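Note sheet for the following structure.
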Amino acid sequence: MTPMSGSAMVTGLDIQAKLESHSAAIPHQRGKLLFTLISLLLLSLILIVLGLGVGSNGWESLSSMWQQSLAMQIVWDIRLPRTLGAWAAGALLGLSGAVAQGLFRNPLADPYLLGSASGASLGVATALVAFGGSPFATAWVVRLGLTGAAFCGAVLAVFLTLLLARGVQHTLRLLLAGVIVGVVLGAVGSLVTMMRPDIVQAMQAFMLGSTGYVGWSSCGVMLLVFVICLVISLALSQVLDGLSLGEATASSLGLPLPQMRMALVLIIALSAGTAVAQTGLIVFVGLAAPHLVRSMLKTTHAGLIVLSSLAGGILLSAADILSRWMIAPQELPVGVVTAILGGAYLLRLMHKQRRMEGH
């Protein structure tokens, strides 16, 4: 064995030991991790049940659903898919946010960092111009077309970001490319909206977000995509653990970083694009959910991804219930509620961090 190969082997072993110690540095947290997981699952279930009883006529429909066919239709065909869809969209955003923050090694990264939000907005604006009217007063075919346009716009924006960044080799370049694509596509979308004033109201509804149009098909799509993204992101969670130790360290472990980075970017695009396509732009959920988990316990990225998904589902479910309940029988846009709740939480977190730094 040459001295160089022996040195390389020692370095590789040292890095592997560092990664393993990083993953196992908190064995005493396993009990807390399990407790947090069970608590979030129970809270999700409670919010889903609460969601079934919130509406224009309150709990009356839920209590009389077995006696009245109309009440059964309200609960089964409207409230249940909407409630499950809100949880699924929040889970997708929470998962996407956790992966984005791990990939960019930046706690301020969110699912829309690669330009998917602006791409989805441009797709919806273009589709509205093509359909020539509001999506919420037309047939389901038009609604499906808008959903597809939003998803295609989000995915197209991510591919433009990858093209501008010339791949995923440089994280900083990818980050800057996402900002540029987001600004440019956002400006083009605003221009399209300005040229067609008749679509302003529909675009405003999309920009503020809503779960009111989520049916069983939308709910099924989001849950299926969530399961797929969760399985793949858990399989790649050790890559995120390696990246948290530094780019050079992750490369020294022999990980195929370009391919794995590309897979992580596609997860971010697919999960965020699916949520945006079904519910519109809902802010702060993908950013706040991982922060909320980190404030409760320290864990590896595998635990962070699972718990952030649950936390995202809880946040959006709670916001959806509040949006339906606060001024019932009318509704607030759920995106407004998430912005207020998420902004208040992050301000509190910033204030707490400043106090800790002061001490």
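Ordering of the structure tokens sets the chain letters (A, B, ...); residue numbers start at 1 within each chain; ligands are numbered from 1 in the order shown.
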*Within 8 Å of range 281-294 of chain A, counting only C-alpha atoms, which residues show up once you throw out same-chain ones fewer than 5 positions away? Write them as a PyMOL selection string, please.*
chain A and resi 90+93-98+107-111+117+206-209+276+299+304-305+307-309+311-312+315-316+334-335+338-339+342-343+345-346
_For Asp77 in chain A, find every residue with an atom within 12 Å (counting only C-alpha atoms), except residues of its own chain fewer than 6 positions away, and show them as a ChimeraX atom specification._
/A:52,65,69-71,83-84,212-217,219
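For the pair CA of Leu224 in chain A and CA of Thr274 in chain A, the interatomic distance is 10.4 Å.
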*From the list A:Arg82, A:Ser295, A:Ala165, A:Pro197, which residue is nearest Met350 in chain A when using only C-alpha atoms?*
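Closest to Met350 in chain A, using only C-alpha atoms: A:Ser295.
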*From a DSSP pass on the backbone, collect the residues of range 271-357 of chain A flagged as helix (DSSP H, G or I) and hand them back as a PyMOL selection string.*
chain A and resi 271-279+285-296+301-325+334-357
_Residue nearest Thr161 in chain A - candidates A:Ala202, A:Leu341, A:Cys229, A:Val265, atoms counted: only C-alpha atoms_ =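 Ranking A:Ala202, A:Leu341, A:Cys229, A:Val265 by distance to Thr161 in chain A, first place goes to A:Val265.
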